[in-house]
Amino acid sequence: MKCKKCGGKASVNMRQHKLALCKEHYLEWLPEQTERFIKKYEMFTRHENILVAVSGGKDSLGLWDILVRLGYQADGLYLGLGIDGRRSPLGEGINYSHESQRLAEKFANHHGLKLHVVDIEKEYGQPIPVLSEISHRGHGKPCAVCGLTKRHEMNRIARDLGYDVLATGHNLDDEAAVLFGNTLSWSADFLLRQSPVLPSASGLARKVKPLCRFYEREMTAYCLARGIEYIYEECPFAEGAQSIYYKELLNKLETDRPGAKLTFYLRFLEARKSGELFVESHVTHGHLHPCTKCGQPTSAPDLCSFCRTIEKVNSVPAV
Ligand code: AMP
Ligand code: FES
Ligand code: ZN
Ligand code: ZN
């Protein structure tokens with residue numbers, strides 16, 4: 001297989017785009033495409049300050065690397081979830097959070113970039129697995145409380161530190177799996193909110209997903225070619241998650257029909273934009289107002305779900 005640009009030996013073959021490239025041209029192509037998507041979806045400009053949520057995984061570290069290479073002003077935010085040792089379902093010795101923090105810090109130091117680190121246990125008294133256990137949310141798995149906390153904290157830091165926009169590393173595989181799940185249940189509210197850009201609203205930072213059109217394996221190839229060290233392991237609690245099952249199903253489809261995943265996602269974005277399938281006014285939006293404690297918007301009468309969870313945890317006597 002030859003590189004389409006220089007005729008040299010191709011190292012990345014993207015059947016879905018009918019495109020093969022050598023390492024050098026791949027490292028040019030991916031940021032060029034990212035720039036195209038940033039402009040197409042009007043995500044941000046070079047005058048704005050970006051906060052990249054970095055988990056230590058390939059997508060978010062790859063995203064940070066690309067944005068900096070493209071000349072954007074991008075700082076990082078790492079959230080220490082405390083999924084380590086005996087708090088990991090895999091038991092002692094598996095230090096998922098420590099290892100991902102180490103890699104995020106290593107990347108930041110190596111490139112001279114600013115990384116904000118927020119440790120959930122220091123902020124709220126307990127790590128995610130304990131917050132989840134005490135609050136009895138999420139049917140024995142911490143993922144629900146984890147997702148709630150991540151959204152809350154990313155927004156809080158972006159707002160308090162005055163960033164214009166919050167960028168996450170969600171890739172096409174993530175977005176297609178979410179879309180698939182929401183389509184199976186025809187969740188109109190969620191479908192309407194799934195977008196490469198969510199504009200800022202009162203108390204909420206603008207959120208963008210610049211990698212939403214890249215396959216997961218394209219990000220793996222990018223990080224390998226750039227020599228970015230990232231955490232290979234998934235969160236140990238992710239095992240058996242529905243999103244992983246949907247990803248596997250979509251991968252089977254993709255093997256038989258290269259490009260199917262991308263088409264599924266892009267046709268959805270087109271239909272959504274044109275209003276062919278979803279009419280925004282048909283979806284009822286609950287009235288939102290600021291949480292009385294943290295100020296983030298909520299449809300609940302006083303406290304938002306995150307603050308309610310923390311209150312509940314604090315009201316349980318320590319044993
Ligand atoms: P996930 O929900 O784990 O699939 O992650 C989706 C995106 O959320 C990642 O690409 C990151 O941008 C962000 N993210 C996940 N975990 C963390 C973390 N611990 N700290 C900061 N950002 C994170
Ligand atoms: Fe949050 Fe797994 S439970 S990353
Ligand atoms: Zn080439
Ligand atoms: Zn709140």
# chains A, B, ... in the order shown; residues from 1 in each chain; ligands from 1

$ residues_near_ligand --ligand "ligand 1" --cutoff "7 Å" --atoms "only C-alpha atoms and all ligand atoms" --output "VMD selection string"
chain A and resid 52 to 55 59 to 60 77 to 81 147 150 167 to 170 174

$ select_by_dssp --residues "region 69-231 of chain A" --states "strand (DSSP E or B)" --output "list of chain:residue names"
A:Gln73, A:Ala74, A:Asp75, A:Gly76, A:Leu77, A:Tyr78, A:Leu79, A:Gly80, A:Asp84, A:Asn95, A:Leu115, A:His116, A:Val117, A:Val118, A:Asp119, A:Val165, A:Leu166, A:Ala167, A:Val197, A:Leu198, A:Ala201, A:Leu204, A:Arg206, A:Lys207, A:Val208

$ closest_atom_pairs --of "region 153-200 of chain A" --to "region 40-51 of chain A" --cutoff "10 Å" --atoms "only C-alpha atoms" --output "tab-separated table"
residue	atom	partner	partner_atom	distance
A:Met154	CA	A:Leu51	CA	8.8
A:Ile157	CA	A:Leu51	CA	8.9
A:Ala158	CA	A:Leu51	CA	6.6
A:Leu161	CA	A:Leu51	CA	9.5
A:Gly162	CA	A:Asn49	CA	8.3
A:Tyr163	CA	A:Asn49	CA	5.3
A:Asp164	CA	A:Asn49	CA	5.4
A:Val165	CA	A:Ile50	CA	5.1
A:Leu166	CA	A:Leu51	CA	4.9
A:Ala167	CA	A:Leu51	CA	6.1
A:Thr168	CA	A:Leu51	CA	8.7
A:Ser195	CA	A:Tyr41	CA	9.4
A:Pro196	CA	A:Tyr41	CA	7.0
A:Val197	CA	A:Met43	CA	6.2
A:Leu198	CA	A:Met43	CA	9.0
A:Pro199	CA	A:Met43	CA	9.0

$ write_last_selection --atoms "N, CA and C atoms" --output "PDB file, in the first residue's frame"
ATOM      1  N   MET A 154     -15.929  19.825  35.359  1.00  0.00           N
ATOM      2  CA  MET A 154     -15.393  20.435  34.127  1.00  0.00           C
ATOM      3  C   MET A 154     -16.023  21.808  33.930  1.00  0.00           C
ATOM      4  N   ILE A 157     -14.778  24.394  36.685  1.00  0.00           N
ATOM      5  CA  ILE A 157     -13.423  24.914  36.485  1.00  0.00           C
ATOM      6  C   ILE A 157     -13.385  25.845  35.267  1.00  0.00           C
ATOM      7  N   ALA A 158     -14.053  25.439  34.185  1.00  0.00           N
ATOM      8  CA  ALA A 158     -14.067  26.286  32.983  1.00  0.00           C
ATOM      9  C   ALA A 158     -14.660  27.654  33.318  1.00  0.00           C
ATOM     10  N   LEU A 161     -12.386  29.651  36.131  1.00  0.00           N
ATOM     11  CA  LEU A 161     -11.091  30.129  35.651  1.00  0.00           C
ATOM     12  C   LEU A 161     -11.207  30.953  34.371  1.00  0.00           C
ATOM     13  N   GLY A 162     -12.427  31.177  33.939  1.00  0.00           N
ATOM     14  CA  GLY A 162     -12.658  32.090  32.816  1.00  0.00           C
ATOM     15  C   GLY A 162     -12.265  31.560  31.438  1.00  0.00           C
ATOM     16  N   TYR A 163     -12.382  30.250  31.231  1.00  0.00           N
ATOM     17  CA  TYR A 163     -12.106  29.717  29.875  1.00  0.00           C
ATOM     18  C   TYR A 163     -13.315  29.954  28.982  1.00  0.00           C
ATOM     19  N   ASP A 164     -13.055  30.150  27.691  1.00  0.00           N
ATOM     20  CA  ASP A 164     -14.157  30.408  26.755  1.00  0.00           C
ATOM     21  C   ASP A 164     -14.862  29.123  26.364  1.00  0.00           C
ATOM     22  N   VAL A 165     -14.105  28.026  26.387  1.00  0.00           N
ATOM     23  CA  VAL A 165     -14.675  26.792  25.846  1.00  0.00           C
ATOM     24  C   VAL A 165     -14.008  25.575  26.482  1.00  0.00           C
ATOM     25  N   LEU A 166     -14.800  24.522  26.611  1.00  0.00           N
ATOM     26  CA  LEU A 166     -14.307  23.271  27.199  1.00  0.00           C
ATOM     27  C   LEU A 166     -14.287  22.214  26.088  1.00  0.00           C
ATOM     28  N   ALA A 167     -13.122  21.603  25.873  1.00  0.00           N
ATOM     29  CA  ALA A 167     -13.016  20.597  24.805  1.00  0.00           C
ATOM     30  C   ALA A 167     -12.791  19.210  25.396  1.00  0.00           C
ATOM     31  N   THR A 168     -13.534  18.230  24.908  1.00  0.00           N
ATOM     32  CA  THR A 168     -13.325  16.849  25.366  1.00  0.00           C
ATOM     33  C   THR A 168     -12.862  15.991  24.178  1.00  0.00           C
ATOM     34  N   SER A 195     -24.318  16.907  19.885  1.00  0.00           N
ATOM     35  CA  SER A 195     -23.803  17.793  18.845  1.00  0.00           C
ATOM     36  C   SER A 195     -22.307  18.009  19.038  1.00  0.00           C
ATOM     37  N   PRO A 196     -21.565  18.291  17.947  1.00  0.00           N
ATOM     38  CA  PRO A 196     -20.129  18.592  18.109  1.00  0.00           C
ATOM     39  C   PRO A 196     -19.907  19.864  18.942  1.00  0.00           C
ATOM     40  N   VAL A 197     -20.911  20.745  18.979  1.00  0.00           N
ATOM     41  CA  VAL A 197     -20.806  21.995  19.764  1.00  0.00           C
ATOM     42  C   VAL A 197     -22.078  22.201  20.562  1.00  0.00           C
ATOM     43  N   LEU A 198     -21.921  22.415  21.842  1.00  0.00           N
ATOM     44  CA  LEU A 198     -23.080  22.832  22.657  1.00  0.00           C
ATOM     45  C   LEU A 198     -22.806  24.265  23.073  1.00  0.00           C
ATOM     46  N   PRO A 199     -23.603  25.210  22.603  1.00  0.00           N
ATOM     47  CA  PRO A 199     -23.320  26.616  22.927  1.00  0.00           C
ATOM     48  C   PRO A 199     -23.424  26.872  24.429  1.00  0.00           C
TER      49      PRO A 199
END

$ residues_near_ligand --ligand "ligand 3" --cutoff "7 Å" --atoms "only C-alpha atoms and all ligand atoms" --output "mmCIF file with N, CA, C and O atoms, in the first residue's frame"
data_model
loop_
_atom_site.group_PDB
_atom_site.id
_atom_site.type_symbol
_atom_site.label_atom_id
_atom_site.label_comp_id
_atom_site.auth_asym_id
_atom_site.auth_seq_id
_atom_site.Cartn_x
_atom_site.Cartn_y
_atom_site.Cartn_z
ATOM 1 N N CYS A 3 1.512 5.574 0.032
ATOM 2 C CA CYS A 3 0.968 6.839 0.538
ATOM 3 C C CYS A 3 0.394 7.620 -0.649
ATOM 4 O O CYS A 3 1.057 7.773 -1.682
ATOM 5 N N LYS A 4 -0.833 8.118 -0.473
ATOM 6 C CA LYS A 4 -1.503 8.827 -1.573
ATOM 7 C C LYS A 4 -0.792 10.142 -1.889
ATOM 8 O O LYS A 4 -0.865 10.648 -3.015
ATOM 9 N N LYS A 5 -0.083 10.705 -0.910
ATOM 10 C CA LYS A 5 0.545 12.017 -1.122
ATOM 11 C C LYS A 5 1.931 11.926 -1.742
ATOM 12 O O LYS A 5 2.282 12.727 -2.603
ATOM 13 N N CYS A 6 2.766 10.968 -1.225
ATOM 14 C CA CYS A 6 4.162 10.960 -1.696
ATOM 15 C C CYS A 6 4.557 9.678 -2.408
ATOM 16 O O CYS A 6 5.657 9.599 -2.958
ATOM 17 N N GLY A 7 3.684 8.658 -2.376
ATOM 18 C CA GLY A 7 4.015 7.404 -3.052
ATOM 19 C C GLY A 7 4.927 6.506 -2.241
ATOM 20 O O GLY A 7 5.245 5.399 -2.645
ATOM 21 N N GLY A 8 5.344 6.987 -1.058
ATOM 22 C CA GLY A 8 6.165 6.161 -0.166
ATOM 23 C C GLY A 8 5.322 5.070 0.485
ATOM 24 O O GLY A 8 4.117 4.974 0.214
ATOM 25 N N ALA A 10 2.958 3.329 2.794
ATOM 26 C CA ALA A 10 1.900 3.819 3.692
ATOM 27 C C ALA A 10 1.965 3.084 5.022
ATOM 28 O O ALA A 10 2.218 1.886 5.065
ATOM 29 N N LEU A 21 -1.828 6.594 3.994
ATOM 30 C CA LEU A 21 -0.804 7.630 4.131
ATOM 31 C C LEU A 21 0.422 7.096 4.866
ATOM 32 O O LEU A 21 0.306 6.197 5.710
ATOM 33 N N CYS A 22 1.580 7.695 4.562
ATOM 34 C CA CYS A 22 2.781 7.370 5.325
ATOM 35 C C CYS A 22 2.696 8.120 6.662
ATOM 36 O O CYS A 22 1.842 8.997 6.839
ATOM 37 N N LYS A 23 3.606 7.786 7.573
ATOM 38 C CA LYS A 23 3.547 8.382 8.915
ATOM 39 C C LYS A 23 3.606 9.913 8.845
ATOM 40 O O LYS A 23 2.805 10.618 9.460
ATOM 41 N N GLU A 24 4.542 10.401 8.055
ATOM 42 C CA GLU A 24 4.737 11.857 7.981
ATOM 43 C C GLU A 24 3.460 12.568 7.481
ATOM 44 O O GLU A 24 3.030 13.566 8.045
ATOM 45 N N HIS A 25 2.866 12.012 6.422
ATOM 46 C CA HIS A 25 1.671 12.667 5.879
ATOM 47 C C HIS A 25 0.441 12.451 6.758
ATOM 48 O O HIS A 25 -0.463 13.281 6.770
#

$ residues_near_ligand --ligand "ligand 4" --cutoff "7 Å" --atoms "only C-alpha atoms and all ligand atoms" --output "PyMOL selection string"
chain A and resi 291-296+303-307

$ write_last_selection --atoms "N, CA, C and O atoms" --output "PDB file, in the first residue's frame"
ATOM      1  N   CYS A 291     -28.667  26.374  40.555  1.00  0.00           N
ATOM      2  CA  CYS A 291     -28.627  25.594  41.808  1.00  0.00           C
ATOM      3  C   CYS A 291     -28.309  26.576  42.936  1.00  0.00           C
ATOM      4  O   CYS A 291     -27.449  27.459  42.779  1.00  0.00           O
ATOM      5  N   THR A 292     -28.988  26.427  44.061  1.00  0.00           N
ATOM      6  CA  THR A 292     -28.805  27.405  45.143  1.00  0.00           C
ATOM      7  C   THR A 292     -27.420  27.295  45.782  1.00  0.00           C
ATOM      8  O   THR A 292     -26.973  28.200  46.468  1.00  0.00           O
ATOM      9  N   LYS A 293     -26.714  26.178  45.545  1.00  0.00           N
ATOM     10  CA  LYS A 293     -25.397  26.037  46.152  1.00  0.00           C
ATOM     11  C   LYS A 293     -24.261  26.387  45.177  1.00  0.00           C
ATOM     12  O   LYS A 293     -23.406  27.201  45.487  1.00  0.00           O
ATOM     13  N   CYS A 294     -24.294  25.761  43.992  1.00  0.00           N
ATOM     14  CA  CYS A 294     -23.143  25.937  43.087  1.00  0.00           C
ATOM     15  C   CYS A 294     -23.431  26.883  41.928  1.00  0.00           C
ATOM     16  O   CYS A 294     -22.510  27.285  41.226  1.00  0.00           O
ATOM     17  N   GLY A 295     -24.693  27.192  41.685  1.00  0.00           N
ATOM     18  CA  GLY A 295     -25.028  28.137  40.619  1.00  0.00           C
ATOM     19  C   GLY A 295     -25.165  27.517  39.233  1.00  0.00           C
ATOM     20  O   GLY A 295     -25.530  28.194  38.280  1.00  0.00           O
ATOM     21  N   GLN A 296     -24.889  26.205  39.094  1.00  0.00           N
ATOM     22  CA  GLN A 296     -25.045  25.587  37.768  1.00  0.00           C
ATOM     23  C   GLN A 296     -26.532  25.318  37.510  1.00  0.00           C
ATOM     24  O   GLN A 296     -27.280  25.036  38.443  1.00  0.00           O
ATOM     25  N   LEU A 303     -31.390  22.322  44.866  1.00  0.00           N
ATOM     26  CA  LEU A 303     -30.019  21.884  44.572  1.00  0.00           C
ATOM     27  C   LEU A 303     -29.958  21.066  43.284  1.00  0.00           C
ATOM     28  O   LEU A 303     -30.897  20.327  42.971  1.00  0.00           O
ATOM     29  N   CYS A 304     -28.839  21.161  42.564  1.00  0.00           N
ATOM     30  CA  CYS A 304     -28.633  20.329  41.372  1.00  0.00           C
ATOM     31  C   CYS A 304     -28.327  18.895  41.818  1.00  0.00           C
ATOM     32  O   CYS A 304     -28.028  18.663  42.995  1.00  0.00           O
ATOM     33  N   SER A 305     -28.343  17.926  40.886  1.00  0.00           N
ATOM     34  CA  SER A 305     -28.136  16.516  41.293  1.00  0.00           C
ATOM     35  C   SER A 305     -26.775  16.317  41.935  1.00  0.00           C
ATOM     36  O   SER A 305     -26.622  15.521  42.853  1.00  0.00           O
ATOM     37  N   PHE A 306     -25.763  17.027  41.429  1.00  0.00           N
ATOM     38  CA  PHE A 306     -24.429  16.848  42.011  1.00  0.00           C
ATOM     39  C   PHE A 306     -24.418  17.320  43.466  1.00  0.00           C
ATOM     40  O   PHE A 306     -23.976  16.604  44.355  1.00  0.00           O
ATOM     41  N   CYS A 307     -24.924  18.516  43.721  1.00  0.00           N
ATOM     42  CA  CYS A 307     -24.909  19.036  45.095  1.00  0.00           C
ATOM     43  C   CYS A 307     -25.779  18.188  46.016  1.00  0.00           C
ATOM     44  O   CYS A 307     -25.450  17.995  47.178  1.00  0.00           O
TER      45      CYS A 307
END

$ closest_atom_pairs --of "chain A" --to "ligand 2" --cutoff "9 Å" --atoms "only C-alpha atoms and all ligand atoms" --output "CSV"
residue,atom,partner,partner_atom_place_in_ligand_line,distance
A:Ser55,CA,ligand 2,4 (S),8.8
A:Leu81,CA,ligand 2,1 (Fe),7.1
A:Ile83,CA,ligand 2,3 (S),7.8
A:Ser97,CA,ligand 2,4 (S),8.9
A:Ile128,CA,ligand 2,3 (S),7.4
A:Pro129,CA,ligand 2,3 (S),7.5
A:Lys141,CA,ligand 2,3 (S),7.3
A:Pro142,CA,ligand 2,3 (S),5.0
A:Cys143,CA,ligand 2,3 (S),3.8
A:Ala144,CA,ligand 2,3 (S),7.3
A:Val145,CA,ligand 2,3 (S),7.7
A:Cys146,CA,ligand 2,1 (Fe),4.4
A:Gly147,CA,ligand 2,1 (Fe),6.2
A:Thr149,CA,ligand 2,1 (Fe),8.9
A:Lys150,CA,ligand 2,1 (Fe),8.1
A:Glu234,CA,ligand 2,2 (Fe),7.8
A:Cys235,CA,ligand 2,2 (Fe),4.5
A:Pro236,CA,ligand 2,2 (Fe),6.4
A:Phe237,CA,ligand 2,2 (Fe),4.9
A:Ala238,CA,ligand 2,2 (Fe),5.5

$ write_last_selection --atoms "C-alpha atoms" --output "tab-separated table (two decimals), in the first residue's frame"
chain	number	residue	atom	x	y	z
A	55	SER	CA	-8.06	11.81	31.10
A	81	LEU	CA	-11.32	10.29	40.44
A	83	ILE	CA	-10.06	4.76	41.17
A	97	SER	CA	-6.25	7.11	38.40
A	128	ILE	CA	-15.70	8.54	43.26
A	129	PRO	CA	-16.23	4.85	44.23
A	141	LYS	CA	-21.52	0.91	39.68
A	142	PRO	CA	-19.83	4.28	40.16
A	143	CYS	CA	-20.17	5.32	36.49
A	144	ALA	CA	-23.34	7.41	37.00
A	145	VAL	CA	-21.88	9.44	39.90
A	146	CYS	CA	-18.60	9.63	38.00
A	147	GLY	CA	-20.27	11.07	34.89
A	149	THR	CA	-19.14	14.65	38.86
A	150	LYS	CA	-17.03	14.99	35.71
A	234	GLU	CA	-10.08	1.41	30.13
A	235	CYS	CA	-11.53	2.43	33.49
A	236	PRO	CA	-11.84	-0.87	35.41
A	237	PHE	CA	-15.51	-0.14	36.06
A	238	ALA	CA	-16.27	0.12	32.33

$ closest_residue --among "A:Lys252, A:Lys122, A:His116, A:Arg156" --to "Ala104 (chain A)" --atoms "only C-alpha atoms"
A:His116

$ select_by_dssp --residues "region 76-133 of chain A" --states "alpha helix (DSSP H)" --output "list in words"
Tyr96, Ser97, His98, Glu99, Ser100, Gln101, Arg102, Leu103, Ala104, Glu105, Lys106, Phe107, Ala108, Asn109, His110, His111, Ile120, Glu121, Lys122, Glu123, Tyr124, Ile128, Pro129, Val130, Leu131, Ser132 and Glu133 of chain A

$ write_last_selection --atoms "C-alpha atoms" --output "PDB file, in the first residue's frame"
ATOM      1  CA  TYR A  96      -5.939   3.504  37.211  1.00  0.00           C
ATOM      2  CA  SER A  97      -6.249   7.107  38.402  1.00  0.00           C
ATOM      3  CA  HIS A  98      -2.640   7.490  39.580  1.00  0.00           C
ATOM      4  CA  GLU A  99      -1.317   6.129  36.320  1.00  0.00           C
ATOM      5  CA  SER A 100      -3.563   8.300  34.160  1.00  0.00           C
ATOM      6  CA  GLN A 101      -2.589  11.391  36.195  1.00  0.00           C
ATOM      7  CA  ARG A 102       1.092  10.524  35.849  1.00  0.00           C
ATOM      8  CA  LEU A 103       0.739  10.339  32.057  1.00  0.00           C
ATOM      9  CA  ALA A 104      -1.269  13.567  31.803  1.00  0.00           C
ATOM     10  CA  GLU A 105       1.384  15.365  33.909  1.00  0.00           C
ATOM     11  CA  LYS A 106       4.206  13.831  31.916  1.00  0.00           C
ATOM     12  CA  PHE A 107       2.701  15.108  28.671  1.00  0.00           C
ATOM     13  CA  ALA A 108       2.122  18.594  30.129  1.00  0.00           C
ATOM     14  CA  ASN A 109       5.675  18.841  31.508  1.00  0.00           C
ATOM     15  CA  HIS A 110       7.257  17.544  28.328  1.00  0.00           C
ATOM     16  CA  HIS A 111       5.496  20.196  26.233  1.00  0.00           C
ATOM     17  CA  ILE A 120     -12.220  14.813  43.882  1.00  0.00           C
ATOM     18  CA  GLU A 121     -11.376  13.303  47.260  1.00  0.00           C
ATOM     19  CA  LYS A 122      -9.648  16.532  48.366  1.00  0.00           C
ATOM     20  CA  GLU A 123     -12.536  18.670  47.112  1.00  0.00           C
ATOM     21  CA  TYR A 124     -15.457  16.585  48.344  1.00  0.00           C
ATOM     22  CA  ILE A 128     -15.699   8.537  43.256  1.00  0.00           C
ATOM     23  CA  PRO A 129     -16.233   4.855  44.232  1.00  0.00           C
ATOM     24  CA  VAL A 130     -17.051   5.903  47.835  1.00  0.00           C
ATOM     25  CA  LEU A 131     -19.232   8.869  46.772  1.00  0.00           C
ATOM     26  CA  SER A 132     -21.165   6.411  44.645  1.00  0.00           C
ATOM     27  CA  GLU A 133     -21.456   3.793  47.371  1.00  0.00           C
TER      28      GLU A 133
END
